[in-house]
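K.L.:
Got a structure for you, coords08.tsv, holding TSV, C-alpha atoms.
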```tsv
chain	number	residue	atom	x	y	z
G	20	MET	CA	46.38	4.58	44.76
G	21	PHE	CA	45.56	6.12	41.36
G	22	ASP	CA	46.13	3.74	38.48
G	23	ILE	CA	46.08	5.65	35.16
G	24	LYS	CA	46.01	2.47	33.07
G	25	SER	CA	42.90	1.22	34.88
G	26	PHE	CA	41.27	4.63	34.53
G	27	PHE	CA	41.71	4.72	30.74
G	28	LYS	CA	40.72	1.07	30.41
G	29	ARG	CA	37.55	1.74	32.43
G	30	GLU	CA	36.66	4.78	30.29
G	31	VAL	CA	37.16	2.84	27.04
G	32	GLU	CA	35.09	-0.08	28.34
G	33	LYS	CA	32.38	2.30	29.52
G	34	THR	CA	32.21	3.88	26.05
G	35	LEU	CA	32.11	0.52	24.26
G	36	THR	CA	29.58	-1.09	26.59
G	37	ASN	CA	27.56	2.08	27.31
G	38	ILE	CA	26.42	0.71	30.66
G	39	ASP	CA	25.32	4.16	31.79
G	40	ASP	CA	21.93	3.36	30.27
G	41	TYR	CA	21.31	0.59	32.82
G	42	ILE	CA	20.57	0.51	36.52
G	43	PHE	CA	21.79	-2.63	38.24
G	44	MET	CA	20.57	-4.26	41.41
G	45	PRO	CA	23.51	-4.02	43.83
G	46	GLU	CA	25.03	-7.40	44.62
G	47	ARG	CA	27.86	-8.68	46.80
G	48	VAL	CA	29.73	-11.96	46.51
G	49	GLU	CA	32.19	-12.92	49.25
G	50	MET	CA	34.59	-15.83	49.40
G	51	THR	CA	37.79	-16.95	51.09
G	52	LEU	CA	40.67	-17.05	48.65
G	53	GLU	CA	44.34	-17.88	49.28
G	54	GLY	CA	44.06	-17.16	53.00
G	55	GLY	CA	42.27	-13.84	52.51
G	56	LEU	CA	38.75	-12.52	52.03
G	57	LEU	CA	37.60	-11.51	48.56
G	58	ASN	CA	34.59	-9.18	48.23
G	59	CYS	CA	33.13	-8.50	44.78
G	60	VAL	CA	30.51	-5.74	44.74
G	61	LEU	CA	28.29	-4.79	41.81
G	62	ASN	CA	27.11	-1.20	42.26
G	63	SER	CA	23.88	0.16	40.85
G	64	ASP	CA	25.81	2.25	38.29
G	65	GLY	CA	27.46	-0.85	36.80
G	66	ARG	CA	30.83	-0.38	38.47
G	67	VAL	CA	32.34	-3.49	40.00
G	68	ASP	CA	34.47	-2.94	43.12
G	69	ILE	CA	36.69	-5.80	44.19
G	70	PHE	CA	38.27	-5.86	47.67
G	71	TYR	CA	40.88	-8.35	48.86
G	72	THR	CA	41.92	-8.45	52.52
G	73	LYS	CA	44.61	-10.65	54.01
G	74	GLN	CA	46.33	-10.31	57.41
G	75	GLY	CA	45.00	-6.77	57.85
G	76	VAL	CA	46.09	-5.52	54.42
G	77	THR	CA	43.33	-4.47	52.00
G	78	GLU	CA	43.66	-3.64	48.32
G	79	VAL	CA	40.79	-2.37	46.14
G	80	ARG	CA	40.23	-2.20	42.39
G	81	SER	CA	37.28	-1.10	40.27
G	82	ALA	CA	36.21	-2.40	36.90
G	83	SER	CA	33.40	-1.67	34.49
G	84	ARG	CA	30.66	-4.22	34.04
G	85	LYS	CA	31.74	-6.47	31.15
G	86	HIS	CA	28.46	-8.17	30.22
G	87	PRO	CA	25.49	-6.14	31.46
G	88	PHE	CA	22.89	-8.73	30.45
G	89	THR	CA	24.65	-11.61	32.23
G	90	ALA	CA	24.10	-12.38	35.90
G	91	PHE	CA	26.91	-10.96	38.05
G	92	GLU	CA	27.69	-14.33	39.67
G	93	THR	CA	27.89	-15.91	36.22
G	94	GLU	CA	30.47	-13.32	35.19
G	95	LEU	CA	32.47	-14.16	38.29
G	96	TYR	CA	32.23	-17.92	37.74
G	97	HIS	CA	33.43	-17.55	34.15
G	98	GLY	CA	36.48	-15.59	35.24
G	99	VAL	CA	35.58	-12.26	33.67
G	100	TYR	CA	37.29	-10.36	36.53
G	101	ASP	CA	40.08	-12.87	37.21
G	102	ASP	CA	42.74	-10.47	35.88
G	103	VAL	CA	41.67	-7.83	38.41
G	104	ILE	CA	41.54	-10.40	41.23
G	105	ASN	CA	45.01	-11.72	40.35
G	106	ASP	CA	46.41	-8.17	40.47
G	107	LEU	CA	44.86	-7.63	43.91
G	108	ILE	CA	46.31	-10.85	45.30
G	109	LYS	CA	49.76	-9.99	43.90
G	110	GLU	CA	49.68	-6.48	45.41
G	111	VAL	CA	48.61	-7.72	48.85
G	112	SER	CA	51.25	-10.47	48.77
G	113	LYS	CA	53.90	-7.94	47.77
G	114	ILE	CA	52.97	-5.75	50.73
G	115	LEU	CA	52.94	-8.70	53.15
G	116	ASP	CA	56.30	-9.98	51.88
G	117	GLY	CA	57.92	-6.54	52.16
G	118	LYS	CA	60.08	-5.57	55.09
G	119	SER	CA	60.67	-2.11	56.48
G	120	GLU	CA	64.12	-1.03	57.49
G	121	TYR	CA	62.56	1.20	60.16
G	122	PHE	CA	59.69	-0.83	61.65
G	123	ARG	CA	59.97	-4.42	62.82
G	124	GLN	CA	57.41	-6.63	64.50
G	125	ASN	CA	59.82	-7.63	67.25
G	126	LYS	CA	60.77	-4.01	68.01
G	127	THR	CA	58.62	-2.06	70.44
G	128	LEU	CA	58.16	1.53	69.40
G	129	SER	CA	58.52	4.06	72.16
G	130	ALA	CA	55.88	6.71	72.64
G	131	THR	CA	56.88	10.13	71.38
G	132	ALA	CA	57.42	13.02	73.74
G	133	SER	CA	54.22	14.75	72.64
G	134	LEU	CA	52.19	11.71	73.61
G	135	MET	CA	53.94	11.32	76.96
G	136	ALA	CA	53.73	14.96	78.05
G	137	LYS	CA	50.85	15.95	80.26
G	138	PRO	CA	49.22	19.20	79.21
G	139	SER	CA	49.62	21.82	81.92
G	140	ASN	CA	47.73	24.72	80.43
G	141	ILE	CA	44.31	23.18	79.83
G	142	ASP	CA	41.41	25.32	80.99
G	143	ARG	CA	38.76	23.36	82.80
G	144	LEU	CA	35.11	24.03	82.07
G	145	ASP	CA	33.56	22.66	85.28
```
Re-express the file's structure as structure tokens.

P.N.:
Amino acid sequence: MFDIKSFFKREVEKTLTNIDDYIFMPERVEMTLEGGLLNCVLNSDGRVDIFYTKQGVTEVRSASRKHPFTAFETELYHGVYDDVINDLIKEVSKILDGKSEYFRQNKTLSATASLMAKPSNIDRLD
């Protein structure tokens, strides 16, 4: 999903922080949060990717490094990326709470004709 607001925000933050001058040691912090798995990844270019997975649904957001001279875990503990994490949790919850008018968990989907048909004109190579 392309989020124009996040894109512009990231570009402004990148310009203000000028983190392109730094190379970061990649780091990953994982934790269980509200019944799901949260993965926060610091990439070597200073981009922070945050993944949240719950009941098979995954949402991803990226953010620019806010404080390049602060340890990544310290940024996380001080809530620097909490706004991004809250957005992820809301999006995943919205998806999980949604219901389709076409697909239901208690309804078995039948196989389509193309999957059921046996091909009759396949050339064998043996």

K.L.:
How many Å separate CA of Lys85 in chain G from CA of Met44 in chain G?

P.N.:
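Computing the Euclidean distance for CA of Lys85 in chain G and CA of Met44 in chain G yields 15.3 Å.
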
K.L.:
Rounded to one decimal in Å, what is the spacing between CA of Asp64 in chain G and CA of Asn105 in chain G?

P.N.:
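If I compute the distance from CA of Asp64 in chain G to CA of Asn105 in chain G, I get 23.8 Å.
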
K.L.:
Need the shell around range 75-77 of chain G: protein/DNA/RNA residues with any atom at most 9 Å away, counting only C-alpha atoms. Skip same-chain ones fewer than 5 positions apart. Format as number ranges by chain?

P.N.:
G: 70, 107, 111, 114-115

K.L.:
Got a sec: who's within 8 Å of Asn62 in chain G, counting only C-alpha atoms, leaving out chain neighbours fewer than 6 positions off, as a PyMOL selection string?

P.N.:
chain G and resi 43-46+68

K.L.:
Could you tell me how far CA of Ser83 in chain G sits from CA of Val60 in chain G, in Å to one decimal place?

P.N.:
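Separation between CA of Val60 in chain G and CA of Ser83 in chain G: 11.4 Å.
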
K.L.:
Please determine, counting all atoms listed in the file, which residue among G:Gln74, G:Pro87, G:Tyr96, G:Val48 has the shortest atom-to-atom distance to Ser112 in chain G.

P.N.:
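Answer, going by the shortest atom-to-atom distance: G:Gln74.
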
K.L.:
Do a neighbour search on Asp102 in chain G at 12 Å with only C-alpha atoms, toss out local chain neighbours closer than 3 positions, and write the hits as an MDAnalysis selection string.

P.N.:
chainID G and resid 25 69 80:82 95 97:99 105:109

K.L.:
Any chance you could work out the axis-aligned box around range 41-46 of chain G, listed atoms only, 4 Å on each side, giving centre and edge lengths in Å to one decimal, as lines of an AutoDock Vina configuration file?

P.N.:
```
center_x = 22.8
center_y = -3.4
center_z = 38.7
size_x = 12.5
size_y = 16.0
size_z = 19.8
```

K.L.:
List every protein, DNA or RNA residue that has an atom no more than 12 Å from (37.3, -18.8, 46.6) in the file's coordinate frame, counting only C-alpha atoms, and report them as a PyMOL selection string.

P.N.:
chain G and resi 48-59+71+95-96+98+101+104
